[in-house]
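Enquirer: One structure, as structure tokens, below. Some questions next.
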Number of protein chains: 2
Amino acid sequence: MDALDRALEKSGAAAYVMVGSSDYPDMRYLTRFITTDPIVYIRRIRERGFIIVSQMEYSRALQEAATGVMTRADAGLLRILEEEGDRWRALARMVADHAGGKILVPPDLPYALGYQLGDLAGVITDKGTIASMRAKKSRGEILSIGRVQRKTEKAMAHAIGCIRRSKPRNGGVLWLGGKPLTSERIRSEIHALLMHQGCLVKDTIVSCGRETAAPHNRGSGPLYEGEPVVIDIFPSDERTGYYSDMTRTVVKGDPAPEIREMYTAVKAAQDLAASIMKPGVSGQEVYQAIVDLFSSQGYRTGTEGFTHNLGHGVGLEVHELPSLGPGGGLLRQGNVVTNEPGLYYEKTGGVRLENIGIFTRTGYRCITSFPRELVV
Amino acid sequence: MDALDRALEKSGAAAYVMVGSSDYPDMRYLTRFITTDPIVYIRRIRERGFIIVSQMEYSRALQEAATGVMTRADAGLLRILEEEGDRWRALARMVADHAGGKILVPPDLPYALGYQLGDLAGVITDKGTIASMRAKKSRGEILSIGRVQRKTEKAMAHAIGCIRRSKPRNGGVLWLGGKPLTSERIRSEIHALLMHQGCLVKDTIVSCGRETAAPHNRGSGPLYEGEPVVIDIFPSDERTGYYSDMTRTVVKGDPAPEIREMYTAVKAAQDLAASIMKPGVSGQEVYQAIVDLFSSQGYRTGTEGFTHNLGHGVGLEVHELPSLGPGGGLLRQGNVVTNEPGLYYEKTGGVRLENIGIFTRTGYRCITSFPRELVV
């Protein structure tokens, strides 16, 4: 009896039902089946659950899915479609036939299906049961995240290596290999390297100077001597679907004293967070400890200074539960969470360091193994 | 007055409402705004429509969106959230305040929102108005699809070039550059090349031998001499969001006679389909013509032989309307559709050829410009 069974029992529903392709992370999580076409998942209380797939996907699903498998024809859909003109009504009838009572659904179930199911069987909206299950990682999931983190570190090493080997020219623009070193160039090198390693990656941040004051600015144009460069990479492994997430801030040449001080403060905050994170502490508490540390050094939290959460869960999505921020709940063994303090000032720029780690039985074990050096 | 206005008028609804990020293709289509955070789109009848975004996205949305823009605060969400504990209820109240009457929604609106809107304002489920608008491409959309198709062909040429240059070693495994040539290696080369061209790509199929009998098997392990290799690539352009889709089947060395015959039949089927497709013909008719052609040559349709549809629309999704299959409706000028006959037998393997083309005023113009050669 797992959390989903308990949610079913508590709600009085007979089955949990969701619809989607494997791009829908809850579907991928519960079925482990990769499909671009939407499938139906039905899990009756205390049963293993099964998916309903097209005839074409049946044999592959039998081999690959972590659930039972039924074809649409065997589930009765083709027969029902002969009687029902509306395909959502037909789908709902098929689902109701197999659910055997009231149905628990995620809030983002397609409305047309939920509406018809409400009419046929009764619908109860679930509040985050699967998200909460996903937050506690298995050994296999932790291995998958570790593997993509190793690849991320290779890409980071390559990116920082380019900056290290570059030389400033007139106006302080960094040059490498006879060309200016730009955000776009480093991003494309990172992406090519990760693709070669079997990763999917997009929206990598390589920002410089004033750009770094906005944590989500992707960055564009040349990189400059003496200015902070923030590199934030969050690929997923194409095969497993698991993400990692990593950030470093570096400067080629001599940074402004404010940037040096911010870097020292961010590094200390990351160390403090790593030392106090353990199962039983809340995400809110850890976040607050960092707010307090920054505050004691004169760095504010809010629209400038420490402007974002301290961390977030990582798994089949790059942002998932738990949250290390205001309202963040209890942290548990098996959580995989980023530790990413940052400081941002419009006129000075930004500094962020992001590691990722696992909540063990007694503490937090960082799995990022990469130096933190400001000046390269 | 466009198709959406007509749908609003016909349904008696005051406004069309949808929710999602730009990963939701209808949102990207109607707003042209790129965002990873979900936004709300509201379009009252005969108005331009507007999106509701976070304060942080406001100035970017003003510049980039094809619609009006309002912040959540200005839309009243923050005020309503102070009164409502449930965030779906709060969102529904905000939407109802702006819609001004009954609301037309897509079938895949999140159920929790639709349920609350039903209570507050009345909800009518739309049947595919946006999908049908999206099926008819503008000149700009056709250019975007053409551009990504050119990049796809470069990747295909590179992949087939690797197979062509490889040499069989013991056991018939193909080797290139001192290493076995595997599905994974070719997939990773294709992905790296497409990433460098600014494309997003995943799930590329490079299957070989028995694997090819399952059209969606991605393939793994070494490629073999004399065996069919199916390469199916469907990237999207990161900047525009438009997809292309392309498949070739090749053999290094000497294929089995059955594979040669299947290849000839599939090529003839593709030529026949291209010659009969034109506006006013239905997707069902075109599909049936190919079923009949295959049948006349002894190839069945169903669980083996011709096991999938003949084609599908391509645009902001890799599979969209119209369908060239059972129940496929009338084809219209501006449709962009794949032409992809295939034959699959458990013991022999599979052969598929996939081109893409545009329905012009009088016919079907193929935009794939790439040789069809079995033996390389």
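Every chain in the structure tokens has a letter given in the order shown (A, B, ...), and although residue numbers restart at 1 in each chain, ligands are simply numbered from 1 in the order shown.
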Residues of chain B were defined as contacting chain A if any atom lay at most 7 Å from it, counting only C-alpha atoms; please report them as number ranges by chain.
Expert: B: 107-112, 114, 125, 188-189, 191-192, 195-196
Enquirer: Show me, as an NGL selection string, the residues that have an atom within 7 Å of segment 283-295 of chain B when counting only C-alpha atoms, minus same-chain residues fewer than 3 positions from it.
Expert: :B and (269 or 273 or 277 or 298-301 or 310 or 323-331)
Enquirer: Could you write those residues out with N, CA and C atoms, as a CSV table (one decimal), in the first residue's frame?
Expert:
chain,number,residue,atom,x,y,z
B,269,ALA,N,3.9,3.3,-53.3
B,269,ALA,CA,2.8,3.8,-52.5
B,269,ALA,C,3.0,5.3,-52.3
B,273,ALA,N,0.4,8.1,-53.5
B,273,ALA,CA,-0.2,9.1,-52.6
B,273,ALA,C,0.0,10.5,-53.0
B,277,MET,N,-3.1,13.2,-53.8
B,277,MET,CA,-3.5,14.2,-52.8
B,277,MET,C,-3.8,15.6,-53.4
B,298,GLY,N,-0.3,-8.1,-52.2
B,298,GLY,CA,-0.3,-9.1,-51.2
B,298,GLY,C,0.2,-8.6,-49.8
B,299,TYR,N,0.2,-7.3,-49.7
B,299,TYR,CA,0.6,-6.8,-48.3
B,299,TYR,C,-0.7,-6.4,-47.6
B,300,ARG,N,-0.8,-6.9,-46.4
B,300,ARG,CA,-2.0,-6.6,-45.6
B,300,ARG,C,-1.9,-5.3,-44.9
B,301,THR,N,-3.1,-4.9,-44.4
B,301,THR,CA,-3.2,-3.7,-43.5
B,301,THR,C,-3.7,-4.2,-42.2
B,310,LEU,N,-1.2,6.7,-43.1
B,310,LEU,CA,-0.4,7.1,-44.2
B,310,LEU,C,0.3,8.4,-43.9
B,323,SER,N,-5.5,14.2,-40.7
B,323,SER,CA,-5.0,12.8,-40.6
B,323,SER,C,-5.2,12.1,-42.0
B,324,LEU,N,-4.2,11.4,-42.4
B,324,LEU,CA,-4.4,10.5,-43.6
B,324,LEU,C,-4.6,9.1,-43.1
B,325,GLY,N,-5.8,8.8,-42.6
B,325,GLY,CA,-6.0,7.5,-42.0
B,325,GLY,C,-7.5,7.3,-42.0
B,326,PRO,N,-7.9,6.2,-41.3
B,326,PRO,CA,-9.4,5.9,-41.2
B,326,PRO,C,-10.1,7.1,-40.6
B,327,GLY,N,-11.1,7.6,-41.1
B,327,GLY,CA,-11.9,8.8,-40.6
B,327,GLY,C,-11.2,10.1,-40.9
B,328,GLY,N,-10.1,10.1,-41.6
B,328,GLY,CA,-9.5,11.4,-42.0
B,328,GLY,C,-10.4,12.3,-42.8
B,329,GLY,N,-10.5,13.5,-42.5
B,329,GLY,CA,-11.5,14.4,-43.1
B,329,GLY,C,-10.9,15.1,-44.4
B,330,LEU,N,-11.6,16.1,-44.9
B,330,LEU,CA,-11.3,16.7,-46.1
B,330,LEU,C,-10.0,17.5,-46.0
B,331,LEU,N,-9.2,17.3,-47.1
B,331,LEU,CA,-7.9,18.0,-47.1
B,331,LEU,C,-8.0,19.4,-47.8
Enquirer: Extract the full set of strand (DSSP E) residues from segment 92-317 of chain A according to DSSP on the backbone, and format it as a PyMOL selection string.
Expert: chain A and resi 103-105+123-125+167-168+174-176+179-180+199-200+205-208+229-233+236-237+246-250+311-313
Enquirer: What's around Arg46 of chain B at 9 Å? Count only C-alpha atoms, leave out sequence neighbours fewer than 4 positions away in its own chain, and write the answer as an mmCIF file with C-alpha atoms, in the first residue's frame.
Expert:
data_model
loop_
_atom_site.group_PDB
_atom_site.id
_atom_site.type_symbol
_atom_site.label_atom_id
_atom_site.label_comp_id
_atom_site.auth_asym_id
_atom_site.auth_seq_id
_atom_site.Cartn_x
_atom_site.Cartn_y
_atom_site.Cartn_z
ATOM 1 C CA MET B 1 -14.209 37.523 -37.715
ATOM 2 C CA ASP B 2 -12.167 34.317 -37.756
ATOM 3 C CA LEU B 4 -12.676 31.320 -33.244
ATOM 4 C CA ASP B 5 -15.186 34.183 -33.400
#
Enquirer: Between atom CA of Thr264 of chain B and atom CA of Glu184 of chain B, what is the spacing in Å?
Expert: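 Taking atom CA of Glu184 of chain B and atom CA of Thr264 of chain B, their separation equals 28.1 Å.
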Enquirer: Looking only at alpha helix (DSSP H) from DSSP on the backbone, list the matching residues of segment 53-129 of chain A as a PyMOL selection string.
Expert: chain A and resi 58-64+77-83+87-99+111-120+129
Enquirer: What separation in Å, quoted to one decimal, exists between atom CA of Glu83 of chain B and atom CA of Ser21 of chain B?
Expert: 25.9 Å
Enquirer: In Å to one decimal, how far is atom CA of Arg147 of chain A from atom CA of Ile276 of chain A?
Expert: 25.6 Å
Enquirer: Which polymer residues have any atom within 7 Å of an atom of Asn339 of chain A, counting only C-alpha atoms, with same-chain residues fewer than 3 positions away left out, as a PyMOL selection string?
Expert: chain A and resi 270+310-311+354-356
Enquirer: Any idea what's packed within 10 Å of Glu141 of chain B, counting only C-alpha atoms, ignoring anything in its chain fewer than 6 positions away? Could you give it as a PDB file with C-alpha atoms, in the first residue's frame?
Expert:
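The resulting file, out-v9.pdb, is reproduced below:
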ATOM      1  CA  ARG B 134      -3.700  25.394 -37.025  1.00  0.00           C
ATOM      2  CA  ARG B 147      13.644  25.762 -42.956  1.00  0.00           C
ATOM      3  CA  THR B 240       9.935  29.252 -34.286  1.00  0.00           C
ATOM      4  CA  GLY B 241       8.664  26.071 -32.623  1.00  0.00           C
ATOM      5  CA  TYR B 242       7.790  24.467 -35.985  1.00  0.00           C
ATOM      6  CA  GLY B 315       3.281  22.262 -37.454  1.00  0.00           C
ATOM      7  CA  LEU B 316       3.785  23.373 -33.860  1.00  0.00           C
ATOM      8  CA  GLY B 334      -2.454  25.141 -46.708  1.00  0.00           C
ATOM      9  CA  VAL B 336       1.176  20.480 -44.375  1.00  0.00           C
TER      10      VAL B 336
END
Enquirer: Within 10 Å of segment 170-175 of chain B, counting only C-alpha atoms, which residues show up once you throw out same-chain ones fewer than 5 positions away? Write them as a VMD selection string, please.
Expert: chain B and resid 162 to 165 180 to 182 221 to 227 252 to 253
